[in-house]
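**Student:** Just passing along the structure, written as structure tokens.
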Amino acid sequence: MITLLPFSLCLIAFNCFALAKYNHFKDVFNKRPTQQQRLILLSVAWISILLSLLLCVNQLQGYGGLQFCGYMTLSALIVMIFYSFLVRLTKLFNLLILVILAMSTLFFGLNGL
Amino acid sequence: MKGSFFRSMTWLHTWVGLLVCWLLYLIFFAGTISFFRDEVSLWNQPSIHNIEQQTDRIGAQKQQIITGVEYLNAQAPNAPNWRITLPEERIPYLTYGFAKPKEPGQRRASFNNSRLDPNTMQPLPPFVDTRGGNFFYRLHFDLHYIDVKTARWIVCFASLFMLIALISGIVIHKRIFKDMFVFRANKGSRSWLDVHNLSSVFALPFHLMITYTGIITLIFMLFPHPVNTVYEEGMTGFFKDFSPSNPINNKAKGEAELVPMKTILDQVYTKWPNADINRVMISNPNKAAATIMVLVSPGKALRDQTPRLIFNGVTGELIAQTDDELTGSKALYESLNSMHTGRFAEPLLRGLYFLGGIAGCIMIATGCIMWAKRLRERMKKNTQPSWGLKLVEGLNLGTLMGLPLATSAFFLANRLLSKQVAERADKEILAFFLTWLCVFIIAFVKRDKLQWCVMAAINSIACFSVPVVNALTTEGNIIQYLRNDQWALFMFDSLFLLFGLLFLLQTEKLRTGLQTKKRLHISTQEQKI
């Protein structure tokens, strides 16, 4: 469960990067994102991806950076599959990642305390 | 200027990639399998499938070493070397081995190994003669039939070409971020380009890391001059300095009793209280010149060389050890090497390495196909394809379809060849290369869509047959592996089923394409009539 947190953060990050693009945002929400929405999405994406890297390095030390690269590959692949083939399910997918992120954060927090 | 720069980079990317793409595909393919070298070796040895994981593996090591020394002392007191290889998470059995006297012309002594179940300490049934995962590991950089040094030079040049292709690819990919998640299906060349771009971009850090560190692993072969200048003995002198296993040159004469192993192990556990010992090597046992080397797992540290302690085998005195704190250059070399091999990576990271490797294979394969496809599209109607195009198409079919089929043949041969066959391991390898040769012959005779379709169908059947033949020839099967938590074996069979399914989908797709083409051809002819 602890390893799920950096992965879900990475997934959130790539999802936000995808949503920050006009075409993908329009595919999902049927409207163009405002400049402010794009800025928020990009900020969330960058914060998440950096947090993911920090957690990976913290958990695995030397191999953490490599694990982070692997998570990026897997996340980008999953996001591409949803935005290219399963656009209808993207909202559900976003919700699912948020649930996973919340659960893994809770687990991480409880273990850390 | 801008236009010409991009054009020249595109030219460089195309030609640098095309010249070595088939060799790179082989290197990537074998390297990707090598990430699971121990798991492949496990699958290839059915006699160790049912060894249960030890409940306290590290706790049992001390007694296993003491028992091992007693066993070897009774079996071969005068052997030149003893070796105790302890079970690891991915290698479930215990090995006690002693070196046989070298035969004339033999470079390294062969070992007589007794393999035991670490839970019961009972000998395991005889192993089948197979190279297992080591075959793919060596194939990755030794290319099997070619002289080792020549092969490594070839692999180095191919890696260098790959690095150039990657960097020039980044330069020419103008929409690297804009099209990051875009895949346009059923759009001909555009779809191929999308797959090529996506497989490159998604795993770009992995591709850059694995290619660069791959060159670094052979850096002393590529650039020997600094070492040769500094060390009188050249490379030998350098590695003596680099690794503490080499300066041991105990010239003491006569016989002497070996120090009790407990004394040695107490020192090891004093230095590293939670030591996970991998191996104990004793040279010149029962001689005054005896030395004992204890190798332990580096854990999470990015180190390729296993940390080790070396003791005098008679007095028990510590005489050499690996550095606890590495110098900057040593740490850099060690970390780059271990990044490439991922030798001590956790299963999850190993899986991610595998994913990166697959992305690399897809990137190279789509690159190969795209070149031929674009040239075909540009060709005028009723013109004959050039010799170069025929060669590329033949190499594409032979390599991209031949290698997976040869791999299935290797594993099928492992299960179907009789255990008593002489030089069995070589015959498994022969099955691999003969299958590959057959595909190449077919590819050079004809390489149309029909041949791709047939090859995909054969590959699908071969992939599905690996777990089936395994179930028929051994006591286990994929369902049992799942029920008994034998994850390595379960994943092995599952991957073959998955790839079988993918090849089946490819067959269906190609068959539909062929039928559409045929229908179009008939309707055109009818219109003409």
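We label chains A, B, ... in the order they appear in the structure tokens, count residues from 1 in each chain, and number ligands from 1 in the order shown.
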Taking the DSSP assignment computed from this structure's backbone, write out as an MDAnalysis selection string all residues of range 201-376 of chain B that belong to strand (DSSP E or B).

**Tutor:** chainID B and resid 255 277:283 287 291:296 308:312 318:321

**Student:** Could you save the residues just selected, with C-alpha atoms, as a PDB file, in the first residue's frame?

**Tutor:**
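And here's out06.pdb as it stands now:
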ATOM      1  CA  GLU B 255      49.001 -28.032   5.321  1.00  0.00           C
ATOM      2  CA  ILE B 277      25.192 -13.677   3.113  1.00  0.00           C
ATOM      3  CA  ASN B 278      25.092 -14.707  -0.554  1.00  0.00           C
ATOM      4  CA  ARG B 279      28.144 -16.878  -0.857  1.00  0.00           C
ATOM      5  CA  VAL B 280      31.196 -18.208   0.961  1.00  0.00           C
ATOM      6  CA  MET B 281      34.255 -19.087  -1.093  1.00  0.00           C
ATOM      7  CA  ILE B 282      37.186 -20.945   0.391  1.00  0.00           C
ATOM      8  CA  SER B 283      40.370 -21.281  -1.618  1.00  0.00           C
ATOM      9  CA  LYS B 287      46.323 -25.624   3.436  1.00  0.00           C
ATOM     10  CA  THR B 291      41.589 -17.845   2.411  1.00  0.00           C
ATOM     11  CA  ILE B 292      37.894 -17.445   3.114  1.00  0.00           C
ATOM     12  CA  MET B 293      35.797 -14.877   1.283  1.00  0.00           C
ATOM     13  CA  VAL B 294      32.307 -13.996   2.546  1.00  0.00           C
ATOM     14  CA  LEU B 295      30.039 -12.094   0.157  1.00  0.00           C
ATOM     15  CA  VAL B 296      26.927 -10.306   1.421  1.00  0.00           C
ATOM     16  CA  ARG B 308      32.853  -8.839   0.806  1.00  0.00           C
ATOM     17  CA  LEU B 309      35.227  -9.669   3.639  1.00  0.00           C
ATOM     18  CA  ILE B 310      38.335 -11.788   3.121  1.00  0.00           C
ATOM     19  CA  PHE B 311      39.925 -13.748   5.951  1.00  0.00           C
ATOM     20  CA  ASN B 312      43.038 -15.796   6.424  1.00  0.00           C
ATOM     21  CA  LEU B 318      40.607 -10.174   8.369  1.00  0.00           C
ATOM     22  CA  ILE B 319      42.990  -9.437   5.498  1.00  0.00           C
ATOM     23  CA  ALA B 320      40.925  -7.461   2.990  1.00  0.00           C
ATOM     24  CA  GLN B 321      37.477  -5.998   2.465  1.00  0.00           C
TER      25      GLN B 321
END

**Student:** List the neighbours of Ala462 in chain B out to 8 Å using only C-alpha atoms; skip same-chain residues closer than 3 positions along the sequence, and give me the result as a list of chain:residue names.

**Tutor:**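 Counting only C-alpha atoms, the residues come to B:Leu405, B:Ser408, B:Ala409, B:Ile458, B:Asn459, B:Ser465, B:Val466, B:Gly500.
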
**Student:** Give me the residues of chain B that have any atom at most 6 Å from an atom of chain A; for each, the nearest atom pair and the distance in Å, rounded to one decimal. Use only C-alpha atoms, sort by chain and number, and format it as a Markdown table.

**Tutor:**
| residue | atom | partner | partner_atom | distance |
| --- | --- | --- | --- | --- |
| B:Phe181 | CA | A:Met80 | CA | 4.5 |
| B:Phe183 | CA | A:Ser84 | CA | 5.9 |
| B:Phe202 | CA | A:Thr73 | CA | 4.8 |
| B:Ala203 | CA | A:Thr73 | CA | 5.1 |
| B:Ala301 | CA | A:Gly62 | CA | 5.7 |
| B:Leu302 | CA | A:Gly62 | CA | 5.2 |
| B:Leu349 | CA | A:Gln67 | CA | 5.6 |
| B:Leu352 | CA | A:Gly70 | CA | 5.0 |

**Student:** For the residues selected in the previous step, produce a file with C-alpha atoms as a PDB file, in the first residue's frame.

**Tutor:**
ATOM      1  CA  PHE B 181      -0.861  11.163 -24.939  1.00  0.00           C
ATOM      2  CA  PHE B 183      -2.490   7.831 -30.450  1.00  0.00           C
ATOM      3  CA  PHE B 202       7.018   7.158 -22.263  1.00  0.00           C
ATOM      4  CA  ALA B 203      10.174   5.271 -21.416  1.00  0.00           C
ATOM      5  CA  ALA B 301      22.647   0.463  -2.071  1.00  0.00           C
ATOM      6  CA  LEU B 302      23.357   1.115  -5.756  1.00  0.00           C
ATOM      7  CA  LEU B 349      11.249  -2.384  -9.969  1.00  0.00           C
ATOM      8  CA  LEU B 352       9.136  -1.783 -14.371  1.00  0.00           C
TER       9      LEU B 352
END

**Student:** Report as a list in words all protein, DNA and RNA residues lying within 10 Å of Ser159 in chain B, evaluated on only C-alpha atoms, omitting residues in the same chain fewer than 4 positions from it.

**Tutor:** Val20, Leu23, Leu24, Ile27, Trp153, Ile154, Val155, Leu163, Ile164, Ala165, Ile210, Thr211, Tyr212, Thr213, Gly214 and Ile215 of chain B

**Student:** Print the selection's residues with C-alpha atoms to a file, as a PDB file, in the first residue's frame.

**Tutor:**
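So the final result, stored in out28.pdb, reads:
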ATOM      1  CA  VAL B  20      21.752  -1.405 -36.443  1.00  0.00           C
ATOM      2  CA  LEU B  23      20.934  -6.015 -33.792  1.00  0.00           C
ATOM      3  CA  LEU B  24      19.531  -3.522 -31.280  1.00  0.00           C
ATOM      4  CA  ILE B  27      20.155  -6.792 -27.639  1.00  0.00           C
ATOM      5  CA  TRP B 153      32.783  -4.325 -29.627  1.00  0.00           C
ATOM      6  CA  ILE B 154      29.836  -4.831 -31.988  1.00  0.00           C
ATOM      7  CA  VAL B 155      27.370  -4.411 -29.107  1.00  0.00           C
ATOM      8  CA  LEU B 163      22.362   6.735 -28.114  1.00  0.00           C
ATOM      9  CA  ILE B 164      22.827   8.952 -31.187  1.00  0.00           C
ATOM     10  CA  ALA B 165      19.443   7.816 -32.518  1.00  0.00           C
ATOM     11  CA  ILE B 210      19.942   1.768 -20.179  1.00  0.00           C
ATOM     12  CA  THR B 211      21.815   2.745 -23.362  1.00  0.00           C
ATOM     13  CA  TYR B 212      24.304   5.024 -21.640  1.00  0.00           C
ATOM     14  CA  THR B 213      24.958   2.670 -18.714  1.00  0.00           C
ATOM     15  CA  GLY B 214      25.229  -0.217 -21.191  1.00  0.00           C
ATOM     16  CA  ILE B 215      28.203   1.524 -22.790  1.00  0.00           C
TER      17      ILE B 215
END

**Student:** Pick out each residue of range 352-513 of chain B that DSSP on the backbone tags as helix (DSSP H, G or I); I need them as a count of residues only.

**Tutor:** 137

**Student:** Quick one: residues within 8 Å of Arg303 in chain B, only C-alpha atoms, excluding same-chain residues fewer than 6 positions away - as a ChimeraX atom specification?

**Tutor:** /B:331,334-335,337-338

**Student:** Using N, CA and C atoms, can you export the residues from the last selection as a tab-separated table (two decimals), in the first residue's frame?

**Tutor:**
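Full text of selection_36.tsv as output:
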chain	number	residue	atom	x	y	z
B	331	ALA	N	32.08	5.08	-6.83
B	331	ALA	CA	30.64	5.09	-6.57
B	331	ALA	C	29.87	5.33	-7.87
B	334	GLU	N	30.13	2.13	-10.02
B	334	GLU	CA	29.31	1.07	-9.41
B	334	GLU	C	27.82	1.35	-9.59
B	335	SER	N	27.43	2.61	-9.36
B	335	SER	CA	25.99	2.91	-9.45
B	335	SER	C	25.51	2.82	-10.89
B	337	ASN	N	26.73	0.90	-13.21
B	337	ASN	CA	26.67	-0.53	-13.54
B	337	ASN	C	25.43	-1.19	-12.96
B	338	SER	N	25.16	-0.89	-11.68
B	338	SER	CA	24.02	-1.54	-11.04
B	338	SER	C	22.69	-1.01	-11.57

**Student:** Report, in Å with one decimal, the straight-line distance from CA of Val28 in chain A to CA of Arg184 in chain B.

**Tutor:** 17.1 Å

**Student:** For Leu53 in chain A, please output as JSON, numbers by chain all residues within 8 Å (counting only C-alpha atoms; exclusion window: fewer than 2 positions along the same chain).

**Tutor:** {"A": [6, 49, 50, 51, 55, 56, 57, 64, 65, 68]}
